[in-house]
>>> print(open('start_7.cif').read())   # mmCIF, C-alpha atoms
data_start
#
loop_
_atom_site.label_atom_id
_atom_site.label_comp_id
_atom_site.auth_asym_id
_atom_site.auth_seq_id
_atom_site.Cartn_x
_atom_site.Cartn_y
_atom_site.Cartn_z
CA MET D 1 84.17 84.99 104.37
CA ARG D 2 86.08 88.04 105.50
CA ARG D 3 88.83 88.81 103.01
CA ALA D 4 92.46 88.69 104.09
CA THR D 5 93.85 92.01 105.26
CA PHE D 6 97.05 93.68 104.08
CA THR D 7 97.29 96.09 107.04
CA GLU D 8 100.35 94.44 108.54
CA MET D 9 102.34 94.63 105.31
CA ASN D 10 105.05 97.28 105.39
CA CYS D 11 104.29 98.35 101.82
CA SER D 12 102.51 101.34 100.34
CA VAL D 13 101.07 99.29 97.47
CA ALA D 14 99.43 96.96 99.99
CA GLN D 15 98.19 99.83 102.17
CA THR D 16 96.58 101.50 99.17
CA LEU D 17 94.94 98.26 98.07
CA GLU D 18 93.70 97.71 101.60
CA ILE D 19 91.69 100.93 101.18
CA VAL D 20 90.72 100.93 97.48
CA GLY D 21 91.43 97.37 96.33
CA GLU D 22 87.98 95.92 96.85
CA TRP D 23 85.93 94.89 93.87
CA TRP D 24 83.97 97.97 92.56
CA THR D 25 85.84 100.62 94.54
CA LEU D 26 88.15 101.83 91.79
CA LEU D 27 85.22 102.05 89.36
CA ILE D 28 83.35 104.21 91.87
CA ILE D 29 86.39 106.48 92.02
CA ARG D 30 86.58 106.48 88.20
CA ASP D 31 82.99 107.71 88.02
CA ALA D 32 83.56 110.25 90.77
CA LEU D 33 86.47 111.63 88.72
CA PHE D 34 84.01 111.94 85.82
CA GLY D 35 81.83 114.12 88.05
CA VAL D 36 79.28 111.66 89.38
CA THR D 37 78.21 112.57 92.94
CA ARG D 38 74.88 110.87 93.61
CA PHE D 39 74.10 107.41 94.89
CA ASP D 40 71.49 106.67 92.24
CA GLU D 41 73.77 107.74 89.43
CA PHE D 42 76.64 105.56 90.68
CA SER D 43 74.17 102.74 91.06
CA THR D 44 72.71 103.08 87.54
CA ARG D 45 76.04 103.57 85.79
CA LEU D 46 77.75 100.70 87.53
CA GLY D 47 74.87 98.25 87.89
CA ILE D 48 76.12 97.52 91.39
CA ALA D 49 73.96 96.13 94.20
CA ARG D 50 72.80 98.96 96.45
CA ASN D 51 74.04 97.39 99.66
CA VAL D 52 77.52 96.91 98.16
CA LEU D 53 77.57 100.49 96.87
CA THR D 54 76.57 101.79 100.30
CA GLN D 55 79.35 99.78 101.91
CA ARG D 56 81.96 100.96 99.41
CA LEU D 57 80.96 104.64 99.67
CA ASP D 58 80.96 104.43 103.48
CA THR D 59 84.50 103.02 103.41
CA LEU D 60 85.65 105.81 101.10
CA VAL D 61 84.12 108.45 103.37
CA GLU D 62 85.63 106.79 106.44
CA HIS D 63 89.09 106.98 104.84
CA GLY D 64 88.72 110.62 103.84
CA ILE D 65 88.67 109.82 100.13
CA MET D 66 85.16 111.19 99.74
CA THR D 67 82.99 113.62 101.63
CA LYS D 68 79.27 113.03 102.09
CA GLU D 69 77.09 116.16 102.17
CA PRO D 70 73.29 116.32 102.26
CA TYR D 71 71.71 118.05 99.27
CA GLN D 72 68.10 117.29 100.23
CA ASP D 73 66.26 116.90 103.52
CA LYS D 74 63.11 114.81 103.10
CA PRO D 75 64.19 112.18 102.46
CA VAL D 76 67.84 112.89 103.19
CA ARG D 77 70.04 112.43 100.13
CA HIS D 78 73.76 113.02 99.84
CA ASP D 79 76.37 114.13 97.38
CA TYR D 80 79.59 112.15 97.46
CA ARG D 81 82.63 114.12 96.32
CA LEU D 82 86.29 113.25 96.12
CA THR D 83 88.60 115.05 98.50
CA GLU D 84 92.14 116.02 97.52
CA LYS D 85 93.20 112.61 98.86
CA GLY D 86 90.62 110.99 96.61
CA ARG D 87 91.51 112.99 93.53
CA GLY D 88 95.11 111.87 94.08
CA LEU D 89 93.97 108.44 92.92
CA TRP D 90 93.60 109.70 89.33
CA THR D 91 97.10 108.39 88.57
CA VAL D 92 95.99 104.88 89.54
CA ILE D 93 92.85 105.12 87.41
CA ASP D 94 94.82 106.56 84.51
CA ALA D 95 97.47 103.83 84.68
CA LEU D 96 94.73 101.18 84.67
CA ARG D 97 93.10 102.91 81.70
CA GLN D 98 96.30 103.17 79.67
CA TRP D 99 97.19 99.54 80.25
CA GLY D 100 93.66 98.54 79.24
CA ASP D 101 93.86 100.71 76.12
CA SER D 102 97.09 98.93 75.17
CA TRP D 103 96.16 95.37 76.03
CA ALA D 104 92.43 94.99 76.46
CA ALA D 105 90.71 97.35 74.00
CA PRO D 106 90.57 95.50 70.65
CA GLU D 107 88.12 98.08 69.25
CA GLY D 108 90.39 100.97 70.29
CA PRO D 109 90.31 103.23 73.33
CA PRO D 110 86.75 103.91 74.53
CA ILE D 111 87.78 107.37 75.70
CA GLU D 112 90.49 109.86 74.85
CA THR D 113 92.13 112.33 77.16
CA VAL D 114 92.74 115.93 76.14
CA HIS D 115 95.30 118.10 77.91
CA THR D 116 93.40 121.37 78.23
CA THR D 117 96.51 123.52 78.55
CA CYS D 118 97.96 122.36 75.20
CA GLY D 119 94.74 121.21 73.53
CA HIS D 120 96.04 117.85 72.33
CA VAL D 121 94.82 114.32 72.72
CA MET D 122 97.51 112.83 74.91
CA SER D 123 98.43 110.24 77.45
CA ALA D 124 100.19 110.85 80.74
CA ARG D 125 103.70 109.38 80.60
CA PRO D 126 106.07 108.92 83.54
CA PHE D 127 109.11 111.12 83.90
CA CYS D 128 111.80 111.24 86.57
CA SER D 129 111.18 113.85 89.27
CA ALA D 130 114.96 114.28 89.60
CA CYS D 131 116.29 114.51 86.01
CA ARG D 132 112.97 115.04 84.20
CA GLU D 133 113.73 112.37 81.60
CA PRO D 134 111.12 109.76 80.66
CA VAL D 135 111.42 106.63 82.81
CA SER D 136 110.64 103.00 82.17
CA VAL D 137 110.55 100.16 84.64
CA ASP D 138 113.91 98.92 83.34
CA ASP D 139 115.59 102.11 84.61
CA LEU D 140 114.37 101.78 88.18
CA LYS D 141 115.72 99.99 91.20
CA VAL D 142 114.28 99.94 94.68
CA ARG D 143 115.89 100.10 98.10
CA ARG D 144 114.75 100.35 101.70
CA GLY D 145 113.14 103.68 102.53
CA PRO D 146 112.86 105.68 105.78
CA GLY D 147 109.66 103.83 106.72
CA ALA D 148 111.10 100.32 106.20
CA ARG D 149 110.67 98.07 109.22
CA VAL D 150 113.36 95.59 110.23
CA ASN D 151 111.35 92.66 108.89
CA ASN D 152 110.39 94.38 105.64
CA PRO D 153 110.71 91.67 103.02
CA LEU D 154 110.94 94.20 100.16
CA PRO D 155 112.66 94.24 97.82
CA ALA D 156 113.32 90.57 97.22
CA PRO D 157 116.64 89.37 98.65
CA MET M 1 79.46 83.66 95.29
CA ARG M 2 80.85 84.46 91.87
CA ARG M 3 81.91 88.09 91.75
CA ALA M 4 80.25 90.49 89.33
CA THR M 5 82.01 90.80 86.00
CA PHE M 6 83.04 94.01 84.26
CA THR M 7 83.53 92.41 80.83
CA GLU M 8 80.53 94.15 79.26
CA MET M 9 81.72 97.62 80.31
CA ASN M 10 83.09 99.67 77.42
CA CYS M 11 85.92 101.02 79.56
CA SER M 12 89.63 100.24 79.73
CA VAL M 13 89.76 100.77 83.49
CA ALA M 14 87.06 98.13 83.94
CA GLN M 15 88.71 95.73 81.48
CA THR M 16 92.02 96.01 83.31
CA LEU M 17 90.37 95.45 86.69
CA GLU M 18 88.53 92.45 85.25
CA ILE M 19 91.96 90.87 84.70
CA VAL M 20 94.05 92.16 87.62
CA GLY M 21 91.49 93.59 90.06
CA GLU M 22 91.03 90.53 92.22
CA TRP M 23 92.22 90.60 95.78
CA TRP M 24 95.94 89.56 95.89
CA THR M 25 96.62 89.82 92.16
CA LEU M 26 98.33 93.22 92.16
CA LEU M 27 100.53 92.17 95.09
CA ILE M 28 101.60 89.09 93.12
CA ILE M 29 102.54 91.40 90.24
CA ARG M 30 104.34 93.72 92.66
CA ASP M 31 106.47 90.80 93.88
CA ALA M 32 107.06 89.59 90.32
CA LEU M 33 108.38 93.07 89.48
CA PHE M 34 110.76 92.65 92.45
CA GLY M 35 112.05 89.49 90.80
CA VAL M 36 110.11 86.76 92.57
CA THR M 37 109.43 83.83 90.21
CA ARG M 38 108.64 80.79 92.36
CA PHE M 39 105.40 79.62 93.86
CA ASP M 40 106.84 79.01 97.31
CA GLU M 41 108.45 82.42 97.45
CA PHE M 42 105.22 84.18 96.45
CA SER M 43 103.43 82.07 99.01
CA THR M 44 105.86 82.86 101.84
CA ARG M 45 106.17 86.56 101.11
CA LEU M 46 102.45 87.12 100.73
CA GLY M 47 101.07 84.69 103.30
CA ILE M 48 98.41 83.77 100.76
CA ALA M 49 96.50 80.47 100.75
CA ARG M 50 98.05 78.09 98.24
CA ASN M 51 94.82 77.40 96.38
CA VAL M 52 94.17 81.11 95.96
CA LEU M 53 97.74 81.69 94.77
CA THR M 54 97.41 78.86 92.24
CA GLN M 55 94.18 80.35 90.94
CA ARG M 56 95.62 83.86 90.64
CA LEU M 57 98.80 82.69 88.89
CA ASP M 58 96.76 80.54 86.48
CA THR M 59 94.64 83.57 85.58
CA LEU M 60 97.74 85.69 84.97
CA VAL M 61 99.23 83.00 82.72
CA GLU M 62 95.93 82.60 80.88
CA HIS M 63 95.87 86.35 80.13
CA GLY M 64 99.47 86.41 78.91
CA ILE M 65 100.66 88.51 81.84
CA MET M 66 102.98 85.77 83.07
CA THR M 67 104.67 82.80 81.50
CA LYS M 68 105.01 79.51 83.37
CA GLU M 69 108.19 77.51 82.61
CA PRO M 70 109.34 74.32 84.32
CA TYR M 71 112.70 74.64 86.10
CA GLN M 72 112.65 71.17 87.67
CA ASP M 73 111.26 67.79 86.62
CA LYS M 74 110.64 65.56 89.62
CA PRO M 75 108.48 66.94 91.01
CA VAL M 76 107.65 69.48 88.32
CA ARG M 77 108.15 73.04 89.54
CA HIS M 78 107.70 76.24 87.56
CA ASP M 79 109.07 79.73 87.29
CA TYR M 80 106.47 82.44 86.77
CA ARG M 81 107.79 85.46 84.91
CA LEU M 82 106.13 88.65 83.75
CA THR M 83 105.78 89.11 80.01
CA GLU M 84 106.06 92.53 78.37
CA LYS M 85 102.29 92.81 78.89
CA GLY M 86 102.80 92.05 82.57
CA ARG M 87 105.71 94.42 83.04
CA GLY M 88 103.49 97.13 81.54
CA LEU M 89 101.55 97.03 84.81
CA TRP M 90 104.46 98.69 86.64
CA THR M 91 102.76 102.08 86.18
CA VAL M 92 99.70 100.78 88.05
CA ILE M 93 101.84 99.40 90.87
CA ASP M 94 103.89 102.58 91.03
CA ALA M 95 100.80 104.81 91.15
CA LEU M 96 99.41 102.69 94.01
CA ARG M 97 102.75 102.95 95.79
CA GLN M 98 103.04 106.71 95.42
CA TRP M 99 99.52 107.30 96.67
CA GLY M 100 100.21 105.01 99.63
CA ASP M 101 103.46 106.83 100.37
CA SER M 102 101.54 110.12 100.42
CA TRP M 103 98.44 109.07 102.31
CA ALA M 104 98.99 105.76 104.08
CA ALA M 105 102.63 105.61 105.21
CA PRO M 106 102.80 107.48 108.55
CA GLU M 107 106.29 106.11 109.23
CA GLY M 108 107.53 107.26 105.82
CA PRO M 109 107.92 105.36 102.54
CA PRO M 110 108.90 101.71 103.11
CA ILE M 111 110.88 101.74 99.88
CA GLU M 112 112.59 104.31 97.71
CA THR M 113 113.00 104.23 93.96
CA VAL M 114 116.30 105.12 92.31
CA HIS M 115 116.48 106.13 88.66
CA THR M 116 119.55 104.21 87.54
CA THR M 117 120.28 106.47 84.59
CA CYS M 118 120.57 109.62 86.74
CA GLY M 119 121.35 107.98 90.07
CA HIS M 120 118.81 109.90 92.14
CA VAL M 121 116.05 108.87 94.48
CA MET M 122 112.98 109.91 92.53
CA SER M 123 109.34 109.36 91.86
CA ALA M 124 107.72 108.92 88.48
CA ARG M 125 105.58 111.98 87.67
CA PRO M 126 103.09 112.28 84.83
CA PHE M 127 103.86 114.46 81.85
CA CYS M 128 101.87 115.16 78.70
CA SER M 129 102.87 112.98 75.73
CA ALA M 130 101.99 115.89 73.41
CA CYS M 131 103.55 119.01 75.00
CA ARG M 132 105.83 117.27 77.55
CA GLU M 133 104.70 119.51 80.39
CA PRO M 134 103.75 118.02 83.79
CA VAL M 135 100.04 117.21 83.99
CA SER M 136 97.59 117.12 86.84
CA VAL M 137 94.06 115.79 86.85
CA ASP M 138 92.70 119.35 86.76
CA ASP M 139 94.22 119.86 83.30
CA LEU M 140 92.55 116.85 81.71
CA LYS M 141 89.20 116.36 80.06
CA VAL M 142 87.88 113.21 78.47
CA ARG M 143 85.88 112.58 75.33
CA ARG M 144 84.65 109.58 73.36
CA GLY M 145 87.45 107.64 71.72
CA PRO M 146 87.58 105.46 68.59
CA GLY M 147 86.51 102.38 70.57
CA ALA M 148 83.46 104.03 72.19
CA ARG M 149 80.25 102.09 71.68
CA VAL M 150 76.94 103.85 71.10
CA ASN M 151 75.78 103.09 74.63
CA ASN M 152 79.06 104.06 76.27
CA PRO M 153 78.05 105.96 79.40
CA LEU M 154 81.45 107.64 79.72
CA PRO M 155 82.10 110.39 80.42
CA ALA M 156 79.20 111.45 82.58
CA PRO M 157 76.50 113.39 80.67
#
>>> encode(input="start_7.cif", output="structure tokens")
Amino acid sequence: MRRATFTEMNCSVAQTLEIVGEWWTLLIIRDALFGVTRFDEFSTRLGIARNVLTQRLDTLVEHGIMTKEPYQDKPVRHDYRLTEKGRGLWTVIDALRQWGDSWAAPEGPPIETVHTTCGHVMSARPFCSACREPVSVDDLKVRRGPGARVNNPLPAP
Amino acid sequence: MRRATFTEMNCSVAQTLEIVGEWWTLLIIRDALFGVTRFDEFSTRLGIARNVLTQRLDTLVEHGIMTKEPYQDKPVRHDYRLTEKGRGLWTVIDALRQWGDSWAAPEGPPIETVHTTCGHVMSARPFCSACREPVSVDDLKVRRGPGARVNNPLPAP
């Protein structure tokens, strides 16, 4: 069964999920952020069926999230690398990781993040691009943006 | 076909996706953050099959991401509301939104976010919890954390 599509939704969350929301895709991007580039390494680390991995990588290449470059001729083998557009997804991966560390890691965080410029174990926290103060969801409200269509159902009435 | 499970992966990204990574789930949470609480409103806004919506909401309740409270007796109808655990997912939704605004919103952002405490249209940017400077993915490295198992394959060798 073909999954439902979100392409008609006038919403950037939906458009992003349309591209990266399939089962496995965000874990492929996680591993690519860790430096994995080769099909066999993705396959071994993830334990994903090869036909599904091929399909997911092809979609990522098609959307300009990864590039695919041959590193060997006979047989042809490729490196898959994140583009700038792909690396931009680190905030999604990091938000998933932090939530999981808080709510789904009873043994503690499996990994820690170090900020190389200050040298400390840290987490990325959200601040306001306008006033530079920390923000929480309770301090935010949404309104129609420049790309809102007439029938945009967001936010809720 | 039952989807593959990520439960055995020693990774907070995978554990989070195991709970909220199914098709539709993050859009349900998006709408819940907008204030939607009722089955019929989720159903209308999303255009999702009712059996799939029931299944997704049940999973969210089961994981303590939403509560389900009756608001009417005959017939019984429920409000679904995000718990603190559920509201914690706003950073995931916001990261998906910002990436979509940057890379998948050719007509411009469908919505804008206002920081109520400063009054400006803004976006949430990541800063370092240790030194409070803005962080980018290029300034981060990962290492094994307290919850890493012996066979944890992260980060890449």
>>> residues_around(input="start_7.cif", residues="segment 112-120 of chain M", least_positions_apart="6", cutoff="7 Å", atoms="all atoms listed in the file", output="ChimeraX atom specification")
/D:130-131,139-145
>>> residues_near_point(input="start_7.cif", point="(78.8, 91.5, 88.8)", cutoff="10 Å", atoms="all atoms listed in the file", output="PyMOL selection string")
(chain D and resi 23-24+46-49) or (chain M and resi 2-7)
>>> write_last_selection(input="start_7.cif", atoms="C-alpha atoms", output="short mmCIF file (atom, residue, chain, number, x, y, z; two decimals), in the coordinates of the input")
data_model
loop_
_atom_site.label_atom_id
_atom_site.label_comp_id
_atom_site.auth_asym_id
_atom_site.auth_seq_id
_atom_site.Cartn_x
_atom_site.Cartn_y
_atom_site.Cartn_z
CA TRP D 23 85.93 94.89 93.87
CA TRP D 24 83.97 97.97 92.56
CA LEU D 46 77.75 100.70 87.53
CA GLY D 47 74.87 98.25 87.89
CA ILE D 48 76.12 97.52 91.39
CA ALA D 49 73.96 96.13 94.20
CA ARG M 2 80.85 84.46 91.87
CA ARG M 3 81.91 88.09 91.75
CA ALA M 4 80.25 90.49 89.33
CA THR M 5 82.01 90.80 86.00
CA PHE M 6 83.04 94.01 84.26
CA THR M 7 83.53 92.41 80.83
#
>>> residues_around(input="start_7.cif", residues="Ile93 of chain D", least_positions_apart="5", cutoff="8 Å", atoms="only C-alpha atoms", output="list in words")
Leu26 and Arg30 of chain D; Val13 of chain M
>>> closest_residue(input="start_7.cif", among="D:Val135, D:Ala148, D:Leu60, D:Cys128", to="Pro109 of chain M", atoms="all atoms listed in the file")
D:Ala148
>>> resolve_selection(input="start_7.cif", expression="the PyMOL selection byres ((chain M and resi 94-103) around 7)", output="list in words")
Ser12, Val13, Gln15, Thr16, Gly88, Leu89, Thr91 and Val92 of chain D; Trp90, Thr91, Val92, Ile93, Ala104, Ala105, Gly108 and Pro109 of chain M
>>> atom_distance(input="start_7.cif", atom1="atom CA of Val52 of chain M", atom2="atom CA of Asn152 of chain D")
23.1 Å
>>> residues_near_point(input="start_7.cif", point="(79.1, 97.0, 76.2)", cutoff="8 Å", atoms="all atoms listed in the file", output="ChimeraX atom specification")
/M:7-10,149,151-152
>>> closest_residue(input="start_7.cif", among="D:Tyr71, D:Phe127, D:Tyr80, D:Phe39", to="chain M", atoms="all atoms listed in the file")
D:Phe127
>>> atom_distance(input="start_7.cif", atom1="atom CA of Ala32 of chain M", atom2="atom CA of Thr25 of chain D")
24.3 Å
>>> resolve_selection(input="start_7.cif", expression="the PyMOL selection byres ((chain D and resi 61) around 12)", output="PDB file with C-alpha atoms, keeping the file's coordinate frame")
ATOM      1  CA  ILE D  19      91.690 100.930 101.180  1.00  0.00           C
ATOM      2  CA  VAL D  20      90.720 100.930  97.480  1.00  0.00           C
ATOM      3  CA  THR D  25      85.840 100.620  94.540  1.00  0.00           C
ATOM      4  CA  ILE D  29      86.390 106.480  92.020  1.00  0.00           C
ATOM      5  CA  THR D  54      76.570 101.790 100.300  1.00  0.00           C
ATOM      6  CA  GLN D  55      79.350  99.780 101.910  1.00  0.00           C
ATOM      7  CA  ARG D  56      81.960 100.960  99.410  1.00  0.00           C
ATOM      8  CA  LEU D  57      80.960 104.640  99.670  1.00  0.00           C
ATOM      9  CA  ASP D  58      80.960 104.430 103.480  1.00  0.00           C
ATOM     10  CA  THR D  59      84.500 103.020 103.410  1.00  0.00           C
ATOM     11  CA  LEU D  60      85.650 105.810 101.100  1.00  0.00           C
ATOM     12  CA  GLU D  62      85.630 106.790 106.440  1.00  0.00           C
ATOM     13  CA  HIS D  63      89.090 106.980 104.840  1.00  0.00           C
ATOM     14  CA  GLY D  64      88.720 110.620 103.840  1.00  0.00           C
ATOM     15  CA  ILE D  65      88.670 109.820 100.130  1.00  0.00           C
ATOM     16  CA  MET D  66      85.160 111.190  99.740  1.00  0.00           C
ATOM     17  CA  THR D  67      82.990 113.620 101.630  1.00  0.00           C
ATOM     18  CA  LYS D  68      79.270 113.030 102.090  1.00  0.00           C
ATOM     19  CA  GLU D  69      77.090 116.160 102.170  1.00  0.00           C
ATOM     20  CA  HIS D  78      73.760 113.020  99.840  1.00  0.00           C
ATOM     21  CA  ASP D  79      76.370 114.130  97.380  1.00  0.00           C
ATOM     22  CA  TYR D  80      79.590 112.150  97.460  1.00  0.00           C
ATOM     23  CA  ARG D  81      82.630 114.120  96.320  1.00  0.00           C
ATOM     24  CA  LEU D  82      86.290 113.250  96.120  1.00  0.00           C
ATOM     25  CA  THR D  83      88.600 115.050  98.500  1.00  0.00           C
ATOM     26  CA  LYS D  85      93.200 112.610  98.860  1.00  0.00           C
ATOM     27  CA  GLY D  86      90.620 110.990  96.610  1.00  0.00           C
TER      28      GLY D  86
END
>>> closest_residue(input="start_7.cif", among="D:Pro126, D:Pro70, D:Pro75, D:Pro134", to="chain M", atoms="only C-alpha atoms")
D:Pro126
>>> closest_residue(input="start_7.cif", among="M:Thr44, M:Lys74, M:Val150, M:Ala124", to="chain D", atoms="only C-alpha atoms")
M:Ala124
>>> closest_residue(input="start_7.cif", among="M:Glu107, M:Arg132, M:Arg38, M:Val76", to="chain D", atoms="only C-alpha atoms")
M:Glu107
>>> atom_distance(input="start_7.cif", atom1="atom CA of Leu33 of chain M", atom2="atom CA of Gln72 of chain M")
22.4 Å
>>> closest_residue(input="start_7.cif", among="M:Arg50, M:Pro146, M:Val121, M:Val137", to="Phe34 of chain D", atoms="all atoms listed in the file")
M:Val137
>>> build_atoms(input="start_7.cif", residues="segment 87-105 of chain M", atoms="N, CA and C atoms", output="PDB file, keeping the file's coordinate frame")
ATOM      1  N   ARG M  87     104.842  93.349  82.548  1.00  0.00           N
ATOM      2  CA  ARG M  87     105.710  94.420  83.040  1.00  0.00           C
ATOM      3  C   ARG M  87     105.086  95.803  82.805  1.00  0.00           C
ATOM      4  N   GLY M  88     104.197  95.875  81.804  1.00  0.00           N
ATOM      5  CA  GLY M  88     103.490  97.130  81.540  1.00  0.00           C
ATOM      6  C   GLY M  88     102.629  97.578  82.719  1.00  0.00           C
ATOM      7  N   LEU M  89     102.350  96.680  83.631  1.00  0.00           N
ATOM      8  CA  LEU M  89     101.550  97.030  84.810  1.00  0.00           C
ATOM      9  C   LEU M  89     102.352  97.781  85.867  1.00  0.00           C
ATOM     10  N   TRP M  90     103.648  97.991  85.631  1.00  0.00           N
ATOM     11  CA  TRP M  90     104.460  98.690  86.640  1.00  0.00           C
ATOM     12  C   TRP M  90     103.894 100.075  86.936  1.00  0.00           C
ATOM     13  N   THR M  91     103.289 100.727  85.936  1.00  0.00           N
ATOM     14  CA  THR M  91     102.760 102.080  86.180  1.00  0.00           C
ATOM     15  C   THR M  91     101.584 102.032  87.161  1.00  0.00           C
ATOM     16  N   VAL M  92     100.807 100.954  87.103  1.00  0.00           N
ATOM     17  CA  VAL M  92      99.700 100.780  88.050  1.00  0.00           C
ATOM     18  C   VAL M  92     100.263 100.584  89.463  1.00  0.00           C
ATOM     19  N   ILE M  93     101.229  99.675  89.566  1.00  0.00           N
ATOM     20  CA  ILE M  93     101.840  99.400  90.870  1.00  0.00           C
ATOM     21  C   ILE M  93     102.501 100.660  91.430  1.00  0.00           C
ATOM     22  N   ASP M  94     103.191 101.396  90.565  1.00  0.00           N
ATOM     23  CA  ASP M  94     103.890 102.580  91.030  1.00  0.00           C
ATOM     24  C   ASP M  94     102.909 103.669  91.463  1.00  0.00           C
ATOM     25  N   ALA M  95     101.800 103.811  90.759  1.00  0.00           N
ATOM     26  CA  ALA M  95     100.800 104.810  91.150  1.00  0.00           C
ATOM     27  C   ALA M  95     100.179 104.433  92.505  1.00  0.00           C
ATOM     28  N   LEU M  96      99.917 103.150  92.711  1.00  0.00           N
ATOM     29  CA  LEU M  96      99.410 102.690  94.010  1.00  0.00           C
ATOM     30  C   LEU M  96     100.424 102.979  95.110  1.00  0.00           C
ATOM     31  N   ARG M  97     101.683 102.722  94.810  1.00  0.00           N
ATOM     32  CA  ARG M  97     102.750 102.950  95.790  1.00  0.00           C
ATOM     33  C   ARG M  97     102.855 104.433  96.152  1.00  0.00           C
ATOM     34  N   GLN M  98     102.879 105.288  95.139  1.00  0.00           N
ATOM     35  CA  GLN M  98     103.040 106.710  95.420  1.00  0.00           C
ATOM     36  C   GLN M  98     101.874 107.270  96.227  1.00  0.00           C
ATOM     37  N   TRP M  99     100.675 106.836  95.900  1.00  0.00           N
ATOM     38  CA  TRP M  99      99.520 107.300  96.670  1.00  0.00           C
ATOM     39  C   TRP M  99      99.637 106.810  98.109  1.00  0.00           C
ATOM     40  N   GLY M 100     100.038 105.563  98.275  1.00  0.00           N
ATOM     41  CA  GLY M 100     100.210 105.010  99.630  1.00  0.00           C
ATOM     42  C   GLY M 100     101.314 105.732 100.392  1.00  0.00           C
ATOM     43  N   ASP M 101     102.406 106.066  99.708  1.00  0.00           N
ATOM     44  CA  ASP M 101     103.460 106.830 100.370  1.00  0.00           C
ATOM     45  C   ASP M 101     102.934 108.182 100.869  1.00  0.00           C
ATOM     46  N   SER M 102     102.065 108.802 100.053  1.00  0.00           N
ATOM     47  CA  SER M 102     101.540 110.120 100.420  1.00  0.00           C
ATOM     48  C   SER M 102     100.482 110.063 101.517  1.00  0.00           C
ATOM     49  N   TRP M 103      99.647 109.051 101.480  1.00  0.00           N
ATOM     50  CA  TRP M 103      98.440 109.070 102.310  1.00  0.00           C
ATOM     51  C   TRP M 103      98.331 107.917 103.303  1.00  0.00           C
ATOM     52  N   ALA M 104      99.182 106.923 103.209  1.00  0.00           N
ATOM     53  CA  ALA M 104      98.990 105.760 104.080  1.00  0.00           C
ATOM     54  C   ALA M 104     100.327 105.187 104.555  1.00  0.00           C
ATOM     55  N   ALA M 105     101.318 106.072 104.729  1.00  0.00           N
ATOM     56  CA  ALA M 105     102.630 105.610 105.210  1.00  0.00           C
ATOM     57  C   ALA M 105     103.121 106.570 106.297  1.00  0.00           C
TER      58      ALA M 105
END
